[in-house]
file my_file38.pdb (PDB, C-alpha atoms and all ligand atoms)
ATOM      1  CA  MET F   1      27.447 -11.954-102.139
ATOM      2  CA  LEU F   2      26.215  -9.154 -99.947
ATOM      3  CA  GLU F   3      27.968  -5.859 -99.928
ATOM      4  CA  GLN F   4      29.210  -4.738 -96.537
ATOM      5  CA  VAL F   5      28.991  -1.075 -95.745
ATOM      6  CA  LYS F   6      31.923  -1.188 -93.363
ATOM      7  CA  ASP F   7      34.525  -3.895 -93.406
ATOM      8  CA  TRP F   8      37.433  -2.339 -91.562
ATOM      9  CA  ASP F   9      38.490  -1.792 -87.966
ATOM     10  CA  ASP F  10      38.213   1.530 -86.215
ATOM     11  CA  ASP F  11      41.901   1.188 -85.486
ATOM     12  CA  PHE F  12      42.672   1.214 -89.195
ATOM     13  CA  TYR F  13      40.353   4.128 -89.674
ATOM     14  CA  GLU F  14      42.355   6.171 -87.192
ATOM     15  CA  ARG F  15      45.491   5.629 -89.291
ATOM     16  CA  TRP F  16      43.719   6.190 -92.587
ATOM     17  CA  LYS F  17      41.937   9.342 -91.434
ATOM     18  CA  PRO F  18      44.855  11.807 -91.365
ATOM     19  CA  ILE F  19      45.657  10.945 -94.974
ATOM     20  CA  ALA F  20      42.176  10.499 -96.407
ATOM     21  CA  MET F  21      40.610  13.383 -94.522
ATOM     22  CA  GLY F  22      43.726  15.471 -95.035
ATOM     23  CA  PHE F  23      43.207  15.691 -98.735
ATOM     24  CA  VAL F  24      39.467  16.263 -98.690
ATOM     25  CA  ASN F  25      39.189  18.793 -95.843
ATOM     26  CA  GLU F  26      37.493  16.367 -93.496
ATOM     27  CA  ALA F  27      35.141  14.359 -95.644
ATOM     28  CA  GLU F  28      33.300  13.374 -92.470
ATOM     29  CA  ARG F  29      31.680  16.785 -92.489
ATOM     30  CA  CYS F  30      29.880  15.927 -95.735
ATOM     31  CA  LEU F  31      26.156  16.520 -95.291
ATOM     32  CA  GLN F  32      25.214  14.255 -98.193
ATOM     33  CA  CYS F  33      23.279  17.232 -99.495
ATOM     34  CA  GLY F  34      24.059  16.352-103.100
ATOM     35  CA  LYS F  35      24.878  19.875-104.246
ATOM     36  CA  CYS F  36      28.114  18.543-105.720
ATOM     37  CA  THR F  37      26.264  16.031-107.887
ATOM     38  CA  GLY F  38      23.545  18.522-108.788
ATOM     39  CA  GLN F  39      25.957  20.895-110.493
ATOM     40  CA  CYS F  40      28.472  18.346-111.807
ATOM     41  CA  PRO F  41      28.794  18.473-115.626
ATOM     42  CA  ALA F  42      30.152  14.904-115.678
ATOM     43  CA  ALA F  43      27.139  13.663-113.734
ATOM     44  CA  ALA F  44      24.829  15.550-116.102
ATOM     45  CA  VAL F  45      25.949  13.506-119.103
ATOM     46  CA  THR F  46      26.695  10.298-117.180
ATOM     47  CA  PRO F  47      23.933   9.709-114.642
ATOM     48  CA  GLY F  48      25.771   6.699-113.202
ATOM     49  CA  TYR F  49      28.398   9.108-111.892
ATOM     50  CA  ASN F  50      27.706  10.621-108.492
ATOM     51  CA  PRO F  51      30.345  12.485-106.456
ATOM     52  CA  ARG F  52      28.154  12.398-103.344
ATOM     53  CA  LYS F  53      28.167   8.595-103.322
ATOM     54  CA  LEU F  54      31.939   8.503-103.700
ATOM     55  CA  ILE F  55      32.349  10.743-100.656
ATOM     56  CA  ARG F  56      29.897   8.605 -98.725
ATOM     57  CA  ASP F  57      31.899   5.478 -99.524
ATOM     58  CA  LEU F  58      35.120   7.150 -98.444
ATOM     59  CA  VAL F  59      33.616   8.037 -95.068
ATOM     60  CA  ASP F  60      31.976   4.623 -94.694
ATOM     61  CA  GLY F  61      35.234   2.883 -95.501
ATOM     62  CA  ASN F  62      33.995   1.211 -98.664
ATOM     63  CA  ILE F  63      37.391   1.558-100.317
ATOM     64  CA  LYS F  64      37.084  -1.482-102.573
ATOM     65  CA  ARG F  65      34.060  -0.023-104.298
ATOM     66  CA  ILE F  66      35.767   3.304-104.986
ATOM     67  CA  LEU F  67      39.092   1.938-106.176
ATOM     68  CA  SER F  68      37.657  -0.614-108.587
ATOM     69  CA  SER F  69      35.056   1.705-110.109
ATOM     70  CA  VAL F  70      34.921   3.238-113.580
ATOM     71  CA  GLU F  71      33.204   6.220-111.996
ATOM     72  CA  LEU F  72      36.380   7.284-110.213
ATOM     73  CA  TRP F  73      37.696   8.143-113.678
ATOM     74  CA  GLN F  74      34.745  10.184-114.904
ATOM     75  CA  CYS F  75      35.541  13.443-113.094
ATOM     76  CA  PHE F  76      37.446  15.973-115.207
ATOM     77  CA  PHE F  77      38.571  18.333-112.430
ATOM     78  CA  CYS F  78      36.389  21.328-113.206
ATOM     79  CA  SER F  79      36.172  21.953-109.413
ATOM     80  CA  GLY F  80      32.542  23.044-109.582
ATOM     81  CA  CYS F  81      31.704  20.689-106.719
ATOM     82  CA  TYR F  82      34.426  22.197-104.528
ATOM     83  CA  SER F  83      33.182  25.724-105.058
ATOM     84  CA  THR F  84      29.552  24.783-104.452
ATOM     85  CA  CYS F  85      30.049  22.511-101.430
ATOM     86  CA  PRO F  86      28.696  24.109 -98.226
ATOM     87  CA  MET F  87      31.250  22.149 -96.181
ATOM     88  CA  ASP F  88      34.214  23.102 -98.350
ATOM     89  CA  ILE F  89      35.118  19.541 -99.290
ATOM     90  CA  ASN F  90      37.878  19.398-101.888
ATOM     91  CA  PHE F  91      36.381  16.636-103.975
ATOM     92  CA  PRO F  92      38.620  16.908-107.078
ATOM     93  CA  PHE F  93      41.718  16.449-104.943
ATOM     94  CA  PHE F  94      40.184  13.374-103.372
ATOM     95  CA  ILE F  95      39.602  11.991-106.891
ATOM     96  CA  PHE F  96      43.188  12.782-107.830
ATOM     97  CA  MET F  97      44.646  10.952-104.836
ATOM     98  CA  LEU F  98      42.298   7.989-105.056
ATOM     99  CA  ARG F  99      43.154   7.568-108.731
ATOM    100  CA  LEU F 100      46.760   7.121-107.727
ATOM    101  CA  GLY F 101      45.578   4.588-105.159
ATOM    102  CA  ALA F 102      43.469   2.826-107.788
ATOM    103  CA  MET F 103      46.412   2.579-110.184
ATOM    104  CA  ASN F 104      48.441   1.059-107.372
ATOM    105  CA  GLU F 105      45.727  -1.608-107.127
ATOM    106  CA  GLY F 106      45.884  -2.172-110.904
ATOM    107  CA  TYR F 107      42.743  -0.243-111.906
ATOM    108  CA  GLY F 108      42.355   2.550-114.429
ATOM    109  CA  TRP F 109      45.391   1.821-116.571
ATOM    110  CA  GLU F 110      43.358   1.817-119.778
ATOM    111  CA  ASP F 111      42.627   5.499-119.158
ATOM    112  CA  VAL F 112      46.148   6.582-118.236
ATOM    113  CA  LYS F 113      47.697   4.628-121.076
ATOM    114  CA  GLN F 114      46.472   7.148-123.631
ATOM    115  CA  LEU F 115      48.505   9.884-122.000
ATOM    116  CA  GLU F 116      51.799   8.393-122.975
ATOM    117  CA  ALA F 117      51.539   9.324-126.643
ATOM    118  CA  TYR F 118      50.826  12.958-125.727
ATOM    119  CA  ALA F 119      53.474  12.987-123.060
ATOM    120  CA  GLU F 120      56.109  11.960-125.555
ATOM    121  CA  LYS F 121      54.984  13.934-128.600
ATOM    122  CA  ASP F 122      53.782  17.136-127.003
ATOM    123  CA  TYR F 123      54.952  17.374-123.440
ATOM    124  CA  LEU F 124      58.486  15.987-123.283
ATOM    125  CA  LYS F 125      59.502  16.780-126.872
ATOM    126  CA  ASP F 126      57.868  20.170-127.420
ATOM    127  CA  GLY F 127      57.046  21.317-123.885
ATOM    128  CA  ILE F 128      53.335  21.712-124.587
ATOM    129  CA  THR F 129      51.042  20.880-121.700
ATOM    130  CA  VAL F 130      47.718  21.056-123.559
ATOM    131  CA  SER F 131      47.901  18.730-126.546
ATOM    132  CA  ILE F 132      46.774  20.134-129.889
ATOM    133  CA  ARG F 133      45.451  16.709-130.868
ATOM    134  CA  GLU F 134      41.763  16.684-130.046
ATOM    135  CA  ARG F 135      40.404  13.214-129.283
ATOM    136  CA  ASN F 136      36.669  13.783-129.515
ATOM    137  CA  PRO F 137      35.646  12.703-133.054
ATOM    138  CA  PHE F 138      32.646  15.072-133.011
ATOM    139  CA  VAL F 139      34.854  18.080-132.315
ATOM    140  CA  VAL F 140      37.420  16.982-134.900
ATOM    141  CA  ASP F 141      34.684  16.609-137.563
ATOM    142  CA  THR F 142      33.007  19.928-136.878
ATOM    143  CA  VAL F 143      35.593  22.476-135.747
ATOM    144  CA  GLY F 144      38.796  20.500-136.205
ATOM    145  CA  ASP F 145      41.431  19.927-133.557
ATOM    146  CA  ILE F 146      43.116  22.648-131.514
ATOM    147  CA  GLY F 147      45.941  22.867-134.071
ATOM    148  CA  LYS F 148      43.478  23.828-136.844
ATOM    149  CA  ILE F 149      41.738  26.361-134.632
ATOM    150  CA  ARG F 150      45.104  27.945-133.853
ATOM    151  CA  GLU F 151      45.993  28.098-137.558
ATOM    152  CA  ALA F 152      42.672  29.773-138.365
ATOM    153  CA  ALA F 153      43.443  32.378-135.721
ATOM    154  CA  GLY F 154      46.796  33.068-137.355
ATOM    155  CA  LEU F 155      48.862  31.327-134.715
ATOM    156  CA  PRO F 156      51.477  28.630-135.243
ATOM    157  CA  THR F 157      49.919  25.133-135.071
ATOM    158  CA  LYS F 158      51.787  24.356-131.899
ATOM    159  CA  ARG F 159      52.639  26.832-129.189
ATOM    160  CA  VAL F 160      56.356  27.485-129.432
ATOM    161  CA  VAL F 161      58.285  26.744-126.256
ATOM    162  CA  SER F 162      61.894  27.877-125.885
ATOM    163  CA  LYS F 163      64.676  25.298-125.841
ATOM    164  CA  ARG F 164      65.376  26.164-122.252
ATOM    165  CA  GLY F 165      61.706  25.714-121.370
ATOM    166  CA  VAL F 166      61.703  22.223-122.867
ATOM    167  CA  ALA F 167      64.902  21.379-120.961
ATOM    168  CA  GLU F 168      63.314  22.560-117.715
ATOM    169  CA  ILE F 169      60.146  20.566-118.324
ATOM    170  CA  ASN F 170      62.232  17.476-118.976
ATOM    171  CA  MET F 171      64.223  17.978-115.808
ATOM    172  CA  ILE F 172      61.128  18.562-113.674
ATOM    173  CA  SER F 173      59.524  15.440-115.158
ATOM    174  CA  ASP F 174      62.585  13.378-114.368
ATOM    175  CA  LEU F 175      62.930  14.772-110.849
ATOM    176  CA  SER F 176      59.275  14.309-109.991
ATOM    177  CA  GLY F 177      59.155  10.762-111.353
ATOM    178  CA  MET F 178      56.800  11.729-114.183
ATOM    179  CA  THR F 179      59.108  10.415-116.905
ATOM    180  CA  SER F 180      59.544   7.018-115.276
ATOM    181  CA  PHE F 181      55.794   6.882-114.674
ATOM    182  CA  MET F 182      55.128   7.602-118.336
ATOM    183  CA  LYS F 183      57.552   4.891-119.356
ATOM    184  CA  LYS F 184      55.464   2.405-117.405
ATOM    185  CA  ILE F 185      52.381   3.109-119.467
ATOM    186  CA  GLY F 186      51.702   1.700-122.922
ATOM    187  CA  GLY F 187      50.678   4.404-125.414
ATOM    188  CA  VAL F 188      47.199   3.861-126.855
ATOM    189  CA  ASP F 189      44.792   6.512-128.176
ATOM    190  CA  LEU F 190      41.253   6.832-126.902
ATOM    191  CA  LEU F 191      38.939   6.184-129.831
ATOM    192  CA  ASP F 192      35.252   5.984-130.554
ATOM    193  CA  CYS F 193      34.098   2.572-131.850
ATOM    194  CA  ASN F 194      31.279   4.094-133.901
ATOM    195  CA  THR F 195      33.471   6.324-135.989
ATOM    196  CA  CYS F 196      36.953   4.875-136.065
ATOM    197  CA  ASP F 197      38.583   3.452-139.194
ATOM    198  CA  ASP F 198      40.714   0.319-139.561
ATOM    199  CA  ALA F 199      43.975   2.101-138.787
ATOM    200  CA  GLN F 200      42.505   3.542-135.607
ATOM    201  CA  ALA F 201      40.953   0.231-134.631
ATOM    202  CA  ARG F 202      44.403  -1.282-134.552
ATOM    203  CA  ARG F 203      45.378   1.133-131.807
ATOM    204  CA  CYS F 204      42.116   0.769-129.974
ATOM    205  CA  LYS F 205      41.887   1.192-126.201
ATOM    206  CA  THR F 206      39.419  -1.675-125.969
ATOM    207  CA  LYS F 207      42.348  -4.000-126.530
ATOM    208  CA  PRO F 208      43.089  -6.064-123.435
ATOM    209  CA  LEU F 209      45.074  -4.314-120.749
ATOM    210  CA  PRO F 210      48.740  -5.207-120.414
ATOM    211  CA  SER F 211      48.791  -7.869-117.721
ATOM    212  CA  LYS F 212      51.429  -5.999-115.796
ATOM    213  CA  VAL F 213      52.580  -2.408-115.510
ATOM    214  CA  GLY F 214      55.845  -2.360-113.614
ATOM    215  CA  LYS F 215      55.211  -4.489-110.550
ATOM    216  CA  ILE F 216      51.461  -3.943-110.683
ATOM    217  CA  THR F 217      49.030  -6.514-112.066
ATOM    218  CA  THR F 218      46.341  -4.657-114.007
ATOM    219  CA  LYS F 219      42.635  -5.361-113.557
ATOM    220  CA  THR F 220      39.414  -4.456-115.315
ATOM    221  CA  ARG F 221      37.157  -1.911-113.614
ATOM    222  CA  PHE F 222      33.436  -2.166-112.892
ATOM    223  CA  TYR F 223      30.456   0.167-112.991
ATOM    224  CA  ASN F 224      29.971   0.210-109.236
ATOM    225  CA  TYR F 225      27.539   3.094-108.983
ATOM    226  CA  GLY F 226      24.728   2.109-111.320
ATOM    227  CA  GLU F 227      24.100   1.279-114.937
ATOM    228  CA  PRO F 228      26.334   3.102-117.400
ATOM    229  CA  SER F 229      24.397   5.283-119.807
ATOM    230  CA  GLY F 230      25.603   6.882-122.996
ATOM    231  CA  GLY F 231      26.797  10.441-122.773
ATOM    232  CA  LYS F 232      25.627  11.312-126.287
ATOM    233  CA  THR F 233      21.993  10.257-125.726
ATOM    234  CA  ASN F 234      21.793  12.103-122.454
ATOM    235  CA  ALA F 235      23.423  15.214-123.783
ATOM    236  CA  LYS F 236      20.686  15.479-126.449
ATOM    237  CA  THR F 237      17.711  15.325-124.064
TER
ATOM    238  CA  MET Q 238      36.377 -13.261-115.155
ATOM    239  CA  ALA Q 239      34.809 -11.553-112.180
ATOM    240  CA  ASP Q 240      31.365 -10.057-112.670
ATOM    241  CA  ASN Q 241      31.606  -7.335-110.075
ATOM    242  CA  TYR Q 242      34.093  -5.832-107.684
ATOM    243  CA  LEU Q 243      33.073  -8.023-104.749
ATOM    244  CA  GLU Q 244      33.935 -11.098-106.773
ATOM    245  CA  ALA Q 245      37.142  -9.502-107.994
ATOM    246  CA  TYR Q 246      38.332  -8.788-104.452
ATOM    247  CA  GLY Q 247      37.114 -12.151-103.141
ATOM    248  CA  LYS Q 248      37.814 -12.536 -99.456
ATOM    249  CA  GLU Q 249      39.795  -9.315 -99.225
ATOM    250  CA  THR Q 250      38.190  -6.606 -97.132
ATOM    251  CA  SER Q 251      38.297  -2.874 -97.686
ATOM    252  CA  GLN Q 252      40.784  -2.786 -94.858
ATOM    253  CA  ASP Q 253      43.202  -4.955 -96.881
ATOM    254  CA  ALA Q 254      42.852  -2.707 -99.916
ATOM    255  CA  GLY Q 255      43.088   0.320 -97.626
ATOM    256  CA  GLU Q 256      46.299  -0.943 -95.973
ATOM    257  CA  ARG Q 257      47.930  -1.327 -99.380
ATOM    258  CA  THR Q 258      46.787   2.135-100.403
ATOM    259  CA  LEU Q 259      48.022   3.592 -97.120
ATOM    260  CA  LYS Q 260      51.418   1.964 -97.596
ATOM    261  CA  TYR Q 261      51.561   3.338-101.136
ATOM    262  CA  PHE Q 262      50.799   6.871 -99.937
ATOM    263  CA  GLU Q 263      53.384   6.566 -97.182
ATOM    264  CA  ASP Q 264      56.050   5.712 -99.775
ATOM    265  CA  LEU Q 265      54.797   8.418-102.095
ATOM    266  CA  PHE Q 266      54.949  11.166 -99.486
ATOM    267  CA  SER Q 267      58.164   9.948 -97.904
ATOM    268  CA  MET Q 268      60.808  12.653 -97.598
ATOM    269  CA  GLU Q 269      63.618  10.109 -97.552
ATOM    270  CA  MET Q 270      66.030  10.054-100.439
ATOM    271  CA  PRO Q 271      67.290   6.528-101.055
ATOM    272  CA  LEU Q 272      70.032   6.047-103.618
ATOM    273  CA  SER Q 273      67.647   4.386-106.089
ATOM    274  CA  ARG Q 274      65.454   7.471-106.056
ATOM    275  CA  MET Q 275      68.444   9.725-106.503
ATOM    276  CA  MET Q 276      69.671   7.683-109.472
ATOM    277  CA  LYS Q 277      66.328   8.134-111.219
ATOM    278  CA  MET Q 278      66.763  11.893-110.959
ATOM    279  CA  MET Q 279      70.252  11.982-112.425
ATOM    280  CA  PRO Q 280      69.412  11.669-116.154
ATOM    281  CA  GLY Q 281      67.136  14.707-115.910
ATOM    282  CA  MET Q 282      69.807  16.846-114.335
ATOM    283  CA  VAL Q 283      72.450  15.697-116.797
ATOM    284  CA  LYS Q 284      70.136  16.412-119.744
ATOM    285  CA  PHE Q 285      69.392  19.849-118.331
ATOM    286  CA  MET Q 286      73.067  20.545-117.820
ATOM    287  CA  MET Q 287      73.983  19.496-121.357
ATOM    288  CA  SER Q 288      71.263  21.469-123.113
ATOM    289  CA  SER Q 289      73.063  24.853-123.046
ATOM    290  CA  LYS Q 290      75.673  26.985-121.325
ATOM    291  CA  ASP Q 291      72.914  28.957-119.684
ATOM    292  CA  THR Q 292      71.290  25.927-118.027
ATOM    293  CA  ARG Q 293      74.675  24.586-116.956
ATOM    294  CA  GLU Q 294      75.468  27.778-115.078
ATOM    295  CA  ASP Q 295      72.021  27.738-113.539
ATOM    296  CA  LEU Q 296      72.357  24.226-112.235
ATOM    297  CA  PHE Q 297      75.775  24.907-110.723
ATOM    298  CA  LYS Q 298      74.229  27.734-108.726
ATOM    299  CA  PHE Q 299      72.127  25.128-106.927
ATOM    300  CA  MET Q 300      75.061  22.849-106.139
ATOM    301  CA  PRO Q 301      75.447  24.092-102.522
ATOM    302  CA  GLN Q 302      71.816  23.142-101.806
ATOM    303  CA  MET Q 303      72.010  19.842-103.649
ATOM    304  CA  THR Q 304      75.251  18.523-102.202
ATOM    305  CA  PRO Q 305      73.864  17.561 -98.746
ATOM    306  CA  MET Q 306      70.994  15.722-100.454
ATOM    307  CA  ILE Q 307      73.335  13.772-102.704
ATOM    308  CA  LYS Q 308      75.581  13.010 -99.721
ATOM    309  CA  GLN Q 309      72.610  11.706 -97.753
ATOM    310  CA  ALA Q 310      71.535   9.486-100.619
ATOM    311  CA  VAL Q 311      75.002   8.020-101.097
ATOM    312  CA  THR Q 312      75.887   7.487 -97.424
ATOM    313  CA  GLY Q 313      72.353   6.741 -96.273
ATOM    314  CA  LYS Q 314      72.686   9.167 -93.339
TER
HETATM  315  S1  LIG W 401      28.144  19.316-101.761
HETATM  316 FE1  LIG W 401      29.658  18.860-100.146
HETATM  317  S2  LIG W 401      28.426  18.411 -98.315
HETATM  318 FE2  LIG W 401      27.039  18.267-100.094
HETATM  319  S3  LIG W 401      27.076  16.074-100.665
HETATM  320 FE3  LIG W 401      28.628  17.122-101.905
HETATM  321  S4  LIG W 401      30.544  16.887-100.737
HETATM  322 FE4  LIG W 401      28.854  16.456 -99.331
HETATM  323  S1  LIG W 402      35.394  18.397-110.300
HETATM  324 FE1  LIG W 402      34.634  16.392-111.021
HETATM  325  S2  LIG W 402      33.048  15.779-109.537
HETATM  326 FE2  LIG W 402      33.420  17.975-109.277
HETATM  327  S3  LIG W 402      31.876  18.988-110.534
HETATM  328 FE3  LIG W 402      33.724  18.807-111.787
HETATM  329  S4  LIG W 402      33.511  16.862-112.914
HETATM  330 FE4  LIG W 402      32.008  16.850-111.223
END
call {"tool": "encode", "arguments": {"input": "my_file38.pdb", "output": "structure tokens", "more": "lines below"}}
Ligand code: SF4
Ligand code: SF4
result
Amino acid sequence: MLEQVKDWDDDFYERWKPIAMGFVNEAERCLQCGKCTGQCPAAAVTPGYNPRKLIRDLVDGNIKRILSSVELWQCFFCSGCYSTCPMDINFPFFIFMLRLGAMNEGYGWEDVKQLEAYAEKDYLKDGITVSIRERNPFVVDTVGDIGKIREAAGLPTKRVVSKRGVAEINMISDLSGMTSFMKKIGGVDLLDCNTCDDAQARRCKTKPLPSKVGKITTKTRFYNYGEPSGGKTNAKT
Amino acid sequence: MADNYLEAYGKETSQDAGERTLKYFEDLFSMEMPLSRMMKMMPGMVKFMMSSKDTREDLFKFMPQMTPMIKQAVTGK
């Protein structure tokens, strides 16, 4: 099957534009200069990832390719691309909005699922926004998780949030729909297959997706922007 | 199982996926306050109110601003 660069009407584009272009400061102005990709730390360790191509597909109307891609989930919002872009395109915000769109289509749930455990344990219960539980096995093995680093610095393991603070966070989460969103997601930790033990394997994120999340049927994503390559290998060279 | 995204979407065009996404954003950014949405907010406010005397007083201060919103949700006007 051949990929079509543009498979939507101009009429639709006119309706889509105010929303799509609204959150990326007019993506049409993108020069395709590639400065965003050149300085992107995520692209440096994952060559398949390329912010420039994502912007191009947004402008070309290749929505299917963006929404169903794994690459949409590889940005970590450092905003380097935004600050370096000569046309002032707010790329991280575009990623944020399109991720919501992708979840609505059933993509990306394996990545959001892991948040639930943190949301319950750290965020809703203790009011902590940055979890002390570090997920990267390399970091845990070498320096320990954030909790250990805090202890070594003479701080309590978890940041202490006042009772009122926790109550406020809970109310804001309920009012904004965050709590009900979190309830939709199944809690699974992100683990590394090379290092995890049996107990971890039982909670593994490579388990099949739940077939439905709320009213949404979940789907598996694809590497739409090139061959995936291992972050570890690339980080070494 | 589908091998790539074109197979996964089948006959659907980007416009179809885009229409769904557009509809989703419209709902998301809607300023309307239907009763169902209001009901979802209630547990949070009740929890906040119950947590201490301090928070209870605080919430009551906002009652004048909240009342029209609640009224709109209940009556639909
Ligand atoms: S840096 Fe800006 S103008 Fe250049 S390719 Fe990236 S988004 Fe487009
Ligand atoms: S915000 Fe995302 S796309 Fe932009 S430089 Fe950072 S990781 Fe890369």
call {"tool": "residues_near_ligand", "arguments": {"input": "my_file38.pdb", "ligand": "ligand LIG 401 (chain W)", "cutoff": "6 Å", "atoms": "only C-alpha atoms and all ligand atoms", "output": "PyMOL selection string"}}
result
chain F and resi 30-36+52+85-87+89
call {"tool": "closest_atom_pairs", "arguments": {"input": "my_file38.pdb", "of": "chain F", "to": "ligand LIG 402 (chain W)", "cutoff": "10 Å", "atoms": "all atoms listed in the file", "output": "Markdown table"}}
result
| residue | atom | partner | partner_atom | distance |
| --- | --- | --- | --- | --- |
| F:Lys35 | CA | W:LIG402 | S3 | 9.4 |
| F:Cys36 | CA | W:LIG402 | S3 | 6.1 |
| F:Thr37 | CA | W:LIG402 | FE4 | 6.7 |
| F:Gly38 | CA | W:LIG402 | S3 | 8.5 |
| F:Gln39 | CA | W:LIG402 | S3 | 6.2 |
| F:Cys40 | CA | W:LIG402 | S3 | 3.7 |
| F:Pro41 | CA | W:LIG402 | S4 | 5.7 |
| F:Ala42 | CA | W:LIG402 | S4 | 4.8 |
| F:Ala43 | CA | W:LIG402 | FE4 | 6.3 |
| F:Ala44 | CA | W:LIG402 | FE4 | 8.8 |
| F:Tyr49 | CA | W:LIG402 | S2 | 8.5 |
| F:Asn50 | CA | W:LIG402 | S2 | 7.5 |
| F:Pro51 | CA | W:LIG402 | S2 | 5.3 |
| F:Arg52 | CA | W:LIG402 | S2 | 8.6 |
| F:Leu54 | CA | W:LIG402 | S2 | 9.4 |
| F:Glu71 | CA | W:LIG402 | S2 | 9.9 |
| F:Leu72 | CA | W:LIG402 | S2 | 9.2 |
| F:Trp73 | CA | W:LIG402 | FE1 | 9.2 |
| F:Gln74 | CA | W:LIG402 | S4 | 7.1 |
| F:Cys75 | CA | W:LIG402 | FE1 | 3.7 |
| F:Phe76 | CA | W:LIG402 | S4 | 4.6 |
| F:Phe77 | CA | W:LIG402 | S1 | 3.8 |
| F:Cys78 | CA | W:LIG402 | FE3 | 3.9 |
| F:Ser79 | CA | W:LIG402 | S1 | 3.7 |
| F:Gly80 | CA | W:LIG402 | S3 | 4.2 |
| F:Cys81 | CA | W:LIG402 | FE2 | 4.1 |
| F:Tyr82 | CA | W:LIG402 | FE2 | 6.4 |
| F:Ser83 | CA | W:LIG402 | S3 | 8.8 |
| F:Thr84 | CA | W:LIG402 | S3 | 8.7 |
| F:Cys85 | CA | W:LIG402 | FE2 | 9.7 |
| F:Asn90 | CA | W:LIG402 | FE2 | 8.7 |
| F:Phe91 | CA | W:LIG402 | FE2 | 6.2 |
| F:Pro92 | CA | W:LIG402 | S1 | 4.8 |
| F:Phe93 | CA | W:LIG402 | S1 | 8.5 |
| F:Phe94 | CA | W:LIG402 | S2 | 9.7 |
| F:Ile95 | CA | W:LIG402 | FE1 | 7.8 |
| F:Phe96 | CA | W:LIG402 | FE1 | 9.8 |
call {"tool": "closest_atom_pairs", "arguments": {"input": "my_file38.pdb", "of": "chain F", "to": "chain Q", "cutoff": "7 Å", "atoms": "all atoms listed in the file", "output": "tab-separated table"}}
result
residue	atom	partner	partner_atom	distance
F:Asp7	CA	Q:Ser251	CA	5.8
F:Trp8	CA	Q:Gln252	CA	4.7
F:Trp16	CA	Q:Leu259	CA	6.8
F:Gly61	CA	Q:Ser251	CA	6.9
F:Asn62	CA	Q:Ser251	CA	6.0
F:Ile63	CA	Q:Ser251	CA	5.2
F:Lys64	CA	Q:Ser251	CA	5.2
F:Arg65	CA	Q:Tyr242	CA	6.7
F:Ser68	CA	Q:Tyr242	CA	6.4
F:Gly101	CA	Q:Thr258	CA	5.5
F:Ala167	CA	Q:Phe285	CA	5.4
F:Glu168	CA	Q:Phe285	CA	6.7
F:Asn170	CA	Q:Gly281	CA	6.4
F:Met171	CA	Q:Gly281	CA	4.4
F:Asp174	CA	Q:Gly281	CA	5.0
F:Leu175	CA	Q:Met278	CA	4.8
F:Phe222	CA	Q:Asn241	CA	6.2
call {"tool": "atom_distance", "arguments": {"input": "my_file38.pdb", "atom1": "atom CA of F:Arg15", "atom2": "atom CA of F:Arg221"}}
result
26.8 Å
call {"tool": "atom_distance", "arguments": {"input": "my_file38.pdb", "atom1": "atom CA of Q:Lys248", "atom2": "atom CA of F:Lys215"}}
result
22.1 Å
call {"tool": "build_atoms", "arguments": {"input": "my_file38.pdb", "residues": "stretch 270-277 of chain Q", "atoms": "N, CA, C and O atoms", "output": "short mmCIF file (atom, residue, chain, number, x, y, z; two decimals), in the coordinates of the input"}}
result
data_model
loop_
_atom_site.label_atom_id
_atom_site.label_comp_id
_atom_site.auth_asym_id
_atom_site.auth_seq_id
_atom_site.Cartn_x
_atom_site.Cartn_y
_atom_site.Cartn_z
N MET Q 270 65.44 10.03 -99.11
CA MET Q 270 66.03 10.05 -100.44
C MET Q 270 66.97 8.86 -100.60
O MET Q 270 68.17 8.99 -100.44
N PRO Q 271 66.40 7.67 -100.86
CA PRO Q 271 67.29 6.53 -101.06
C PRO Q 271 68.06 6.68 -102.36
O PRO Q 271 67.66 7.45 -103.24
N LEU Q 272 69.16 5.92 -102.46
CA LEU Q 272 70.03 6.05 -103.62
C LEU Q 272 69.28 5.75 -104.92
O LEU Q 272 69.47 6.44 -105.93
N SER Q 273 68.38 4.76 -104.87
CA SER Q 273 67.65 4.39 -106.09
C SER Q 273 66.83 5.56 -106.61
O SER Q 273 66.74 5.81 -107.81
N ARG Q 274 66.26 6.32 -105.66
CA ARG Q 274 65.45 7.47 -106.06
C ARG Q 274 66.35 8.56 -106.66
O ARG Q 274 65.99 9.20 -107.64
N MET Q 275 67.49 8.73 -106.03
CA MET Q 275 68.44 9.72 -106.50
C MET Q 275 68.91 9.38 -107.92
O MET Q 275 69.01 10.26 -108.78
N MET Q 276 69.17 8.10 -108.17
CA MET Q 276 69.67 7.68 -109.47
C MET Q 276 68.66 7.99 -110.58
O MET Q 276 69.03 8.34 -111.68
N LYS Q 277 67.37 7.85 -110.23
CA LYS Q 277 66.33 8.13 -111.22
C LYS Q 277 66.32 9.61 -111.61
O LYS Q 277 65.88 9.98 -112.68
#
